[in-house]
Amino acid sequence: MSYIEDLPESEERRSFLEDIPWVPEVTKRRIESFQDYLPTQFQQYGPLYTLFFYTLPADTALTKPQMRLRAALPAKEHEVAIIVGPIAIVGGHDNVDATTLDANTRRTLNSLRRKAHAGNISLDSTSSKFIKSGEYGRGNKYPDLGVCKIVAIPHVNGDKDQILAIIEVASVPFKTREAMRTASKTLRNRGSQQVAKVINTTELRRAKVDLIRQMLGYMIRLGPEGDRWEEDVVGFALIGTEVAFMVPAVDRASVNQAGAKKPAQSWTLMGLGVDLGDSTGNWASPTAWFSLYGGEFRAKLLLLQAHFEGV
């Protein structure tokens with residue numbers, strides 16, 4: 001299969017955020033060059049990290065490479081932790097009157113204290129709930145980059161860091177990438193300023209599905225009721241020069257204004273409009289994937305910036 005469309009239909013080379021002054025020009029040009037050779041994810045991490053770092057305000061934003069997402073405690077242990085409070089778990093037995101607790105609660109409390117003493121549970125800066133850590137916390141998830149609105153000292157007056165974005169990057173499969181590079185070289189040898197168009201091959205579609213499945217695992221780990229995130233949280237799934245945006249499938253703001261109970265959270269891809277738990281068959285649909293150089297990515301980036309500025 002050819003990776004070069006008929007030249008009259010080829011995409012023109014696209015500039016990247018040329019009207020946004022706060023991103024260094026060298027970073028913009030590096031990201032712009034992705035069109036020519038489809039770098040691996042490892043070659044994209046640095047420029048993309050720099051992009052988010054310079055886009056967001058340094059006084060309230062924290063960009064976390066390989067941000068650790070640990071699981072919350074099981075429901076029974078969490079209920080007891082809420083009843084007795086954190087001091088009763090990490091402090092001494094005198095911090096709570098055990099005679100006021102039933103036998104099952106006392107057993108759970110003692111188990112929690114042992115786990116806390118062993119370093120196996122703790123409070124996370126992004127959650128008001130105790131989370132698993134140490135040996136008890138196996139199964140941690142590590143997205144490539146997390147973006148948080150930070151507070152000076154978590155858990156003072158109930159404050160905590162809020163996760164606003166999760167970024168995960170995947171590599172275009174090797175065969176597709178090499179064919180794309182060959183096509184781009186052919187165009188350059190012809191003196192063309194156009195760029196080769198990546199064909200949506202079977203292996204590329206499979207890679208997109210795998211990337212979305214991984215991203216969905218991260219978003220589910222954030223929790224169902226917004227403890228770690230706010231209404232505008234977005235997942236950026238990037239592969240080559242394409243990006244998909246994972247967003248809450250429920251308009252939480254309107255639900256909460258109506259006074260309704262918080263719904264169980266589900267997730268969808270912008271442009272797809274279906275709950276991602278339904279099927280994986282359309283996760284690679286062209287309607288769900290956008291150009292890294294297009295208006296959709298720019299709009300999401302500026303929306304993220306505006307969220308920090310309270311706009």
# chains A, B, ... in the order shown; residues from 1 in each chain; ligands from 1
>>> residues_around(residues="range 203-205 of chain A", least_positions_apart="2", cutoff="12 Å", atoms="only C-alpha atoms", output="VMD selection string")
chain A and resid 170 to 177 180 198 to 201 207 to 212 239 to 240 242 280 to 286 288 to 289
>>> residues_around(residues="Leu69 in chain A", least_positions_apart="3", cutoff="10 Å", atoms="only C-alpha atoms", output="VMD selection string")
chain A and resid 66 72 124 126 131 to 132 137 139 to 143 146 218 to 219 221 to 222
>>> atom_distance(atom1="CA of Val23 in chain A", atom2="CA of Leu51 in chain A")
6.3 Å
>>> atom_distance(atom1="CA of Phe236 in chain A", atom2="CA of Thr287 in chain A")
15.3 Å
>>> atom_distance(atom1="CA of Ser266 in chain A", atom2="CA of Thr55 in chain A")
28.2 Å
>>> closest_residue(among="A:Gln162, A:Ser15, A:Thr202, A:Ser125", to="Arg30 in chain A", atoms="only C-alpha atoms")
A:Ser15
>>> residues_around(residues="Leu56 in chain A", least_positions_apart="4", cutoff="8 Å", atoms="only C-alpha atoms", output="list of chain:residue names")
A:Phe52, A:Ala61, A:Leu304, A:Gln305, A:Phe308
>>> residues_around(residues="Thr50 in chain A", least_positions_apart="3", cutoff="9 Å", atoms="only C-alpha atoms", output="ChimeraX atom specification")
/A:23-24,27,45-47,53-55
>>> residues_around(residues="Trp229 in chain A", least_positions_apart="4", cutoff="9 Å", atoms="only C-alpha atoms", output="PDB file with all heavy atoms, in the first residue's frame")
ATOM      1  N   THR A 126      -3.448  13.763  45.743  1.00  0.00           N
ATOM      2  CA  THR A 126      -4.549  14.025  44.817  1.00  0.00           C
ATOM      3  C   THR A 126      -5.873  13.443  45.287  1.00  0.00           C
ATOM      4  O   THR A 126      -6.860  13.497  44.548  1.00  0.00           O
ATOM      5  CB  THR A 126      -4.233  13.454  43.428  1.00  0.00           C
ATOM      6  OG1 THR A 126      -4.111  12.027  43.518  1.00  0.00           O
ATOM      7  CG2 THR A 126      -2.965  14.044  42.864  1.00  0.00           C
ATOM      8  N   SER A 127      -5.929  12.892  46.496  1.00  0.00           N
ATOM      9  CA  SER A 127      -7.147  12.227  46.932  1.00  0.00           C
ATOM     10  C   SER A 127      -7.395  12.472  48.408  1.00  0.00           C
ATOM     11  O   SER A 127      -6.464  12.566  49.201  1.00  0.00           O
ATOM     12  CB  SER A 127      -7.058  10.718  46.670  1.00  0.00           C
ATOM     13  OG  SER A 127      -8.201  10.052  47.145  1.00  0.00           O
ATOM     14  N   CYS A 148      -1.539  18.629  37.172  1.00  0.00           N
ATOM     15  CA  CYS A 148      -2.339  18.888  38.368  1.00  0.00           C
ATOM     16  C   CYS A 148      -2.374  20.373  38.701  1.00  0.00           C
ATOM     17  O   CYS A 148      -1.412  21.104  38.462  1.00  0.00           O
ATOM     18  CB  CYS A 148      -1.763  18.150  39.584  1.00  0.00           C
ATOM     19  SG  CYS A 148      -1.727  16.362  39.444  1.00  0.00           S
ATOM     20  N   ASP A 161      -4.405  18.286  45.638  1.00  0.00           N
ATOM     21  CA  ASP A 161      -4.111  18.541  44.234  1.00  0.00           C
ATOM     22  C   ASP A 161      -5.244  17.966  43.376  1.00  0.00           C
ATOM     23  O   ASP A 161      -5.756  16.887  43.663  1.00  0.00           O
ATOM     24  CB  ASP A 161      -2.794  17.876  43.821  1.00  0.00           C
ATOM     25  CG  ASP A 161      -1.592  18.423  44.565  1.00  0.00           C
ATOM     26  OD1 ASP A 161      -1.696  19.518  45.141  1.00  0.00           O
ATOM     27  OD2 ASP A 161      -0.543  17.741  44.575  1.00  0.00           O
ATOM     28  N   GLN A 162      -5.612  18.701  42.326  1.00  0.00           N
ATOM     29  CA  GLN A 162      -6.640  18.215  41.407  1.00  0.00           C
ATOM     30  C   GLN A 162      -6.002  17.859  40.069  1.00  0.00           C
ATOM     31  O   GLN A 162      -5.289  18.668  39.472  1.00  0.00           O
ATOM     32  CB  GLN A 162      -7.719  19.283  41.188  1.00  0.00           C
ATOM     33  CG  GLN A 162      -8.633  19.501  42.389  1.00  0.00           C
ATOM     34  CD  GLN A 162      -9.627  18.360  42.577  1.00  0.00           C
ATOM     35  OE1 GLN A 162      -9.826  17.532  41.682  1.00  0.00           O
ATOM     36  NE2 GLN A 162     -10.246  18.314  43.744  1.00  0.00           N
ATOM     37  N   ILE A 163      -6.250  16.645  39.618  1.00  0.00           N
ATOM     38  CA  ILE A 163      -5.735  16.205  38.321  1.00  0.00           C
ATOM     39  C   ILE A 163      -6.621  16.776  37.216  1.00  0.00           C
ATOM     40  O   ILE A 163      -7.836  16.591  37.232  1.00  0.00           O
ATOM     41  CB  ILE A 163      -5.688  14.671  38.240  1.00  0.00           C
ATOM     42  CG1 ILE A 163      -4.733  14.112  39.307  1.00  0.00           C
ATOM     43  CG2 ILE A 163      -5.253  14.222  36.843  1.00  0.00           C
ATOM     44  CD1 ILE A 163      -4.713  12.607  39.390  1.00  0.00           C
ATOM     45  N   LEU A 164      -6.009  17.471  36.268  1.00  0.00           N
ATOM     46  CA  LEU A 164      -6.760  18.091  35.181  1.00  0.00           C
ATOM     47  C   LEU A 164      -6.477  17.450  33.828  1.00  0.00           C
ATOM     48  O   LEU A 164      -7.254  17.634  32.891  1.00  0.00           O
ATOM     49  CB  LEU A 164      -6.435  19.587  35.105  1.00  0.00           C
ATOM     50  CG  LEU A 164      -6.806  20.408  36.349  1.00  0.00           C
ATOM     51  CD1 LEU A 164      -6.485  21.875  36.117  1.00  0.00           C
ATOM     52  CD2 LEU A 164      -8.284  20.247  36.669  1.00  0.00           C
ATOM     53  N   ALA A 165      -5.370  16.735  33.706  1.00  0.00           N
ATOM     54  CA  ALA A 165      -5.066  16.108  32.415  1.00  0.00           C
ATOM     55  C   ALA A 165      -4.163  14.903  32.622  1.00  0.00           C
ATOM     56  O   ALA A 165      -3.304  14.907  33.507  1.00  0.00           O
ATOM     57  CB  ALA A 165      -4.403  17.099  31.454  1.00  0.00           C
ATOM     58  N   LEU A 222      -8.815   7.201  38.256  1.00  0.00           N
ATOM     59  CA  LEU A 222      -9.032   8.507  38.889  1.00  0.00           C
ATOM     60  C   LEU A 222     -10.212   8.478  39.853  1.00  0.00           C
ATOM     61  O   LEU A 222     -10.298   9.315  40.749  1.00  0.00           O
ATOM     62  CB  LEU A 222      -9.283   9.589  37.831  1.00  0.00           C
ATOM     63  CG  LEU A 222      -8.133   9.915  36.888  1.00  0.00           C
ATOM     64  CD1 LEU A 222      -8.508  11.105  36.011  1.00  0.00           C
ATOM     65  CD2 LEU A 222      -6.851  10.188  37.639  1.00  0.00           C
ATOM     66  N   GLY A 223     -11.113   7.527  39.678  1.00  0.00           N
ATOM     67  CA  GLY A 223     -12.244   7.406  40.584  1.00  0.00           C
ATOM     68  C   GLY A 223     -13.538   7.859  39.944  1.00  0.00           C
ATOM     69  O   GLY A 223     -13.548   8.675  39.021  1.00  0.00           O
ATOM     70  N   GLU A 225     -16.193   9.600  41.218  1.00  0.00           N
ATOM     71  CA  GLU A 225     -16.940  10.768  41.688  1.00  0.00           C
ATOM     72  C   GLU A 225     -16.115  12.038  41.746  1.00  0.00           C
ATOM     73  O   GLU A 225     -16.434  12.971  42.459  1.00  0.00           O
ATOM     74  CB  GLU A 225     -17.544  10.476  43.068  1.00  0.00           C
ATOM     75  CG  GLU A 225     -18.582   9.364  43.031  1.00  0.00           C
ATOM     76  CD  GLU A 225     -19.236   9.140  44.377  1.00  0.00           C
ATOM     77  OE1 GLU A 225     -18.709   9.676  45.373  1.00  0.00           O
ATOM     78  OE2 GLU A 225     -20.266   8.457  44.429  1.00  0.00           O
ATOM     79  N   VAL A 233     -11.526  17.505  33.377  1.00  0.00           N
ATOM     80  CA  VAL A 233     -10.410  16.583  33.187  1.00  0.00           C
ATOM     81  C   VAL A 233     -10.458  15.994  31.779  1.00  0.00           C
ATOM     82  O   VAL A 233     -11.519  15.719  31.228  1.00  0.00           O
ATOM     83  CB  VAL A 233     -10.440  15.450  34.237  1.00  0.00           C
ATOM     84  CG1 VAL A 233     -11.626  14.546  34.061  1.00  0.00           C
ATOM     85  CG2 VAL A 233      -9.140  14.662  34.214  1.00  0.00           C
TER      86      VAL A 233
END
>>> closest_residue(among="A:Arg190, A:Thr268, A:Pro65, A:Asp232", to="Leu301 in chain A", atoms="only C-alpha atoms")
A:Asp232
>>> closest_residue(among="A:Gly294, A:Arg188, A:Lys149, A:Ala244", to="Leu272 in chain A", atoms="only C-alpha atoms")
A:Ala244
